[in-house]
Amino acid sequence: MNMKESQYNSQLELMKKKGLSQLGLMINEDWDGDPKRLAFVLSRYKFVAKMLEGEKDILEVGCGDGFASRIVKQTVKNLTVSDFDQVFIDDAKSRKDSDWPMTYLVHDMTEVPTGKKFDAIYSVDVFEHIDPKDEGKFLSNICKSLNPNGVVIIGTPSIESQAFASPESIEGHVNCKTGKAFKALMAKYFDHVFLFSMNDEVVHTGFSKMAHYLLTLCCNQINHD
């Protein structure tokens, strides 16, 4: 059977060749209960992809199901996706695609740095889950996993957003900050910290106290040795 408009036949051909793509564990839950959240999550990854475009060796810290990581892989050469939960890595690997090669790693950044240094490291929707007593180790180990001239991007919900968060989110969000506090923390590790605000799927440079989400782009790592 062919489509009535022939330009869409490629969609049937792709389905026959690869089947239909499956959602990951986390994205599946969003699609079932709050579909619009996919737009927000994917937009965060698009921001990362644009900022890191052309970079060679990239690490994602806390990839979850890895569903959105392909957006970053589209613009960088080598992408390693990591998470401290084996279940998430197994789920991500179950949807491996040879056309979108990635390296998968079970790793806890609050414990030790990676054995390899990367040109850039990003982490989306992870920092708010890091116990405040562990945030120093988390950021220090990120720096130790980064090349001296590397770039770090970290995204997290703002403390102001938590008044509107679901009970499930609040339970796991143990370390949300104001934009000012988040930037000040990152400035302990990098000379240059650029703070962005985000509302829904829109990234901007507006008033951080009205932002639902915060993103810091950091470079020129400070040597703490």
# chains A, B, ... in the order shown; residues from 1 in each chain; ligands from 1
call {"tool": "closest_atom_pairs", "arguments": {"of": "range 199-224 of chain A", "to": "range 128-146 of chain A", "cutoff": "12 Å", "atoms": "only C-alpha atoms", "output": "tab-separated table"}}
result
residue	atom	partner	partner_atom	distance
A:Tyr213	CA	A:Glu128	CA	10.9
A:Leu214	CA	A:Glu128	CA	10.9
A:Cys218	CA	A:Cys143	CA	10.7
A:Cys219	CA	A:Cys143	CA	10.4
A:Asn220	CA	A:Cys143	CA	10.5
A:Gln221	CA	A:Cys143	CA	7.3
A:Ile222	CA	A:Cys143	CA	8.9
A:Asn223	CA	A:Cys143	CA	9.1
A:His224	CA	A:Ser140	CA	8.9
call {"tool": "residues_around", "arguments": {"residues": "Lys50 in chain A", "least_positions_apart": "2", "cutoff": "10 Å", "atoms": "only C-alpha atoms", "output": "number ranges by chain"}}
result
A: 45-48, 52-54, 71-72, 74-76
call {"tool": "select_by_dssp", "arguments": {"residues": "range 33-183 of chain A", "states": "strand (DSSP E or B)", "output": "ChimeraX atom specification"}}
result
/A:57-61,78-83,103-106,118-124,146-158,177
call {"tool": "residues_around", "arguments": {"residues": "Gly24 in chain A", "least_positions_apart": "4", "cutoff": "8 Å", "atoms": "only C-alpha atoms", "output": "list in words"}}
result
Asn28, Asp65, Gly66, Phe67, Asp91 and Ala92 of chain A
call {"tool": "select_by_dssp", "arguments": {"residues": "range 21-140 of chain A", "states": "alpha helix (DSSP H)", "output": "number ranges by chain"}}
result
A: 25-33, 37-51, 69-73, 86-93, 135-140
call {"tool": "atom_distance", "arguments": {"atom1": "CA of Lys209 in chain A", "atom2": "CA of Lys180 in chain A"}}
result
8.8 Å
call {"tool": "atom_distance", "arguments": {"atom1": "CA of Pro35 in chain A", "atom2": "CA of Tyr122 in chain A"}}
result
24.2 Å
call {"tool": "residues_around", "arguments": {"residues": "range 101-103 of chain A", "least_positions_apart": "4", "cutoff": "8 Å", "atoms": "only C-alpha atoms", "output": "ChimeraX atom specification"}}
result
/A:73,78-81,96-97
call {"tool": "write_last_selection", "arguments": {"atoms": "C-alpha atoms", "output": "compact mmCIF listing (two decimals), in the first residue's frame"}}
result
# COMPACT_ATOMS: atom_id res chain seq x y z
CA LYS A 73 24.19 13.56 19.26
CA ASN A 78 31.01 11.49 20.12
CA LEU A 79 28.44 11.31 22.92
CA THR A 80 28.68 9.27 26.11
CA VAL A 81 25.46 9.09 28.12
CA LYS A 96 20.24 1.56 20.49
CA ASP A 97 20.35 2.56 16.84
call {"tool": "closest_residue", "arguments": {"among": "A:Lys18, A:Met26, A:Thr205, A:His212", "to": "Gln162 in chain A", "atoms": "only C-alpha atoms"}}
result
A:His212
call {"tool": "closest_residue", "arguments": {"among": "A:Met3, A:Leu12, A:Glu55, A:Lys93", "to": "Lys77 in chain A", "atoms": "only C-alpha atoms"}}
result
A:Glu55
call {"tool": "closest_residue", "arguments": {"among": "A:Val126, A:Met51, A:Leu217, A:Ala211", "to": "Ile159 in chain A", "atoms": "only C-alpha atoms"}}
result
A:Ala211
call {"tool": "decode", "arguments": {"residues": "range 8-68 of chain A", "atoms": "C-alpha atoms", "output": "mmCIF file, in the first residue's frame"}}
result
data_model
loop_
_atom_site.group_PDB
_atom_site.id
_atom_site.type_symbol
_atom_site.label_atom_id
_atom_site.label_comp_id
_atom_site.auth_asym_id
_atom_site.auth_seq_id
_atom_site.Cartn_x
_atom_site.Cartn_y
_atom_site.Cartn_z
ATOM 1 C CA TYR A 8 5.190 10.326 2.499
ATOM 2 C CA ASN A 9 6.051 6.848 1.230
ATOM 3 C CA SER A 10 9.475 7.238 2.860
ATOM 4 C CA GLN A 11 7.703 7.068 6.217
ATOM 5 C CA LEU A 12 6.276 3.658 5.369
ATOM 6 C CA GLU A 13 9.671 2.518 4.122
ATOM 7 C CA LEU A 14 11.344 3.597 7.375
ATOM 8 C CA MET A 15 8.711 1.779 9.419
ATOM 9 C CA LYS A 16 9.269 -1.400 7.421
ATOM 10 C CA LYS A 17 13.034 -1.081 7.813
ATOM 11 C CA LYS A 18 13.303 -0.120 11.492
ATOM 12 C CA GLY A 19 9.809 -0.444 12.926
ATOM 13 C CA LEU A 20 8.320 2.331 15.059
ATOM 14 C CA SER A 21 10.522 3.954 17.687
ATOM 15 C CA GLN A 22 9.669 3.294 21.337
ATOM 16 C CA LEU A 23 9.532 5.862 24.109
ATOM 17 C CA GLY A 24 11.887 5.563 27.075
ATOM 18 C CA LEU A 25 10.774 4.923 30.653
ATOM 19 C CA MET A 26 10.668 8.574 31.698
ATOM 20 C CA ILE A 27 9.334 9.982 28.445
ATOM 21 C CA ASN A 28 6.663 7.299 28.361
ATOM 22 C CA GLU A 29 5.342 8.457 31.730
ATOM 23 C CA ASP A 30 5.327 12.082 30.576
ATOM 24 C CA TRP A 31 3.509 11.162 27.364
ATOM 25 C CA ASP A 32 0.914 9.275 29.373
ATOM 26 C CA GLY A 33 0.308 11.881 32.055
ATOM 27 C CA ASP A 34 1.582 15.282 30.855
ATOM 28 C CA PRO A 35 2.338 15.272 27.113
ATOM 29 C CA LYS A 36 3.198 18.969 26.949
ATOM 30 C CA ARG A 37 6.193 18.337 29.207
ATOM 31 C CA LEU A 38 7.925 16.655 26.275
ATOM 32 C CA ALA A 39 8.151 20.040 24.580
ATOM 33 C CA PHE A 40 9.893 21.496 27.628
ATOM 34 C CA VAL A 41 12.356 18.613 28.009
ATOM 35 C CA LEU A 42 13.249 18.437 24.333
ATOM 36 C CA SER A 43 13.787 22.209 24.231
ATOM 37 C CA ARG A 44 16.366 21.935 27.009
ATOM 38 C CA TYR A 45 18.270 19.373 24.965
ATOM 39 C CA LYS A 46 18.005 21.554 21.877
ATOM 40 C CA PHE A 47 19.643 24.397 23.823
ATOM 41 C CA VAL A 48 22.496 22.076 24.805
ATOM 42 C CA ALA A 49 22.836 20.833 21.236
ATOM 43 C CA LYS A 50 23.108 24.359 19.847
ATOM 44 C CA MET A 51 25.625 25.463 22.469
ATOM 45 C CA LEU A 52 27.853 22.398 21.974
ATOM 46 C CA GLU A 53 27.530 22.089 18.207
ATOM 47 C CA GLY A 54 30.742 20.805 16.620
ATOM 48 C CA GLU A 55 32.341 19.592 19.857
ATOM 49 C CA LYS A 56 34.161 16.253 19.739
ATOM 50 C CA ASP A 57 33.790 14.256 22.981
ATOM 51 C CA ILE A 58 30.728 14.993 25.103
ATOM 52 C CA LEU A 59 29.413 13.475 28.331
ATOM 53 C CA GLU A 60 25.848 13.617 29.583
ATOM 54 C CA VAL A 61 25.543 13.208 33.362
ATOM 55 C CA GLY A 62 22.211 11.734 34.404
ATOM 56 C CA CYS A 63 20.734 10.771 31.051
ATOM 57 C CA GLY A 64 17.754 8.887 32.504
ATOM 58 C CA ASP A 65 16.217 6.857 29.693
ATOM 59 C CA GLY A 66 18.419 8.673 27.147
ATOM 60 C CA PHE A 67 15.484 9.336 24.839
ATOM 61 C CA ALA A 68 16.287 13.021 24.250
#
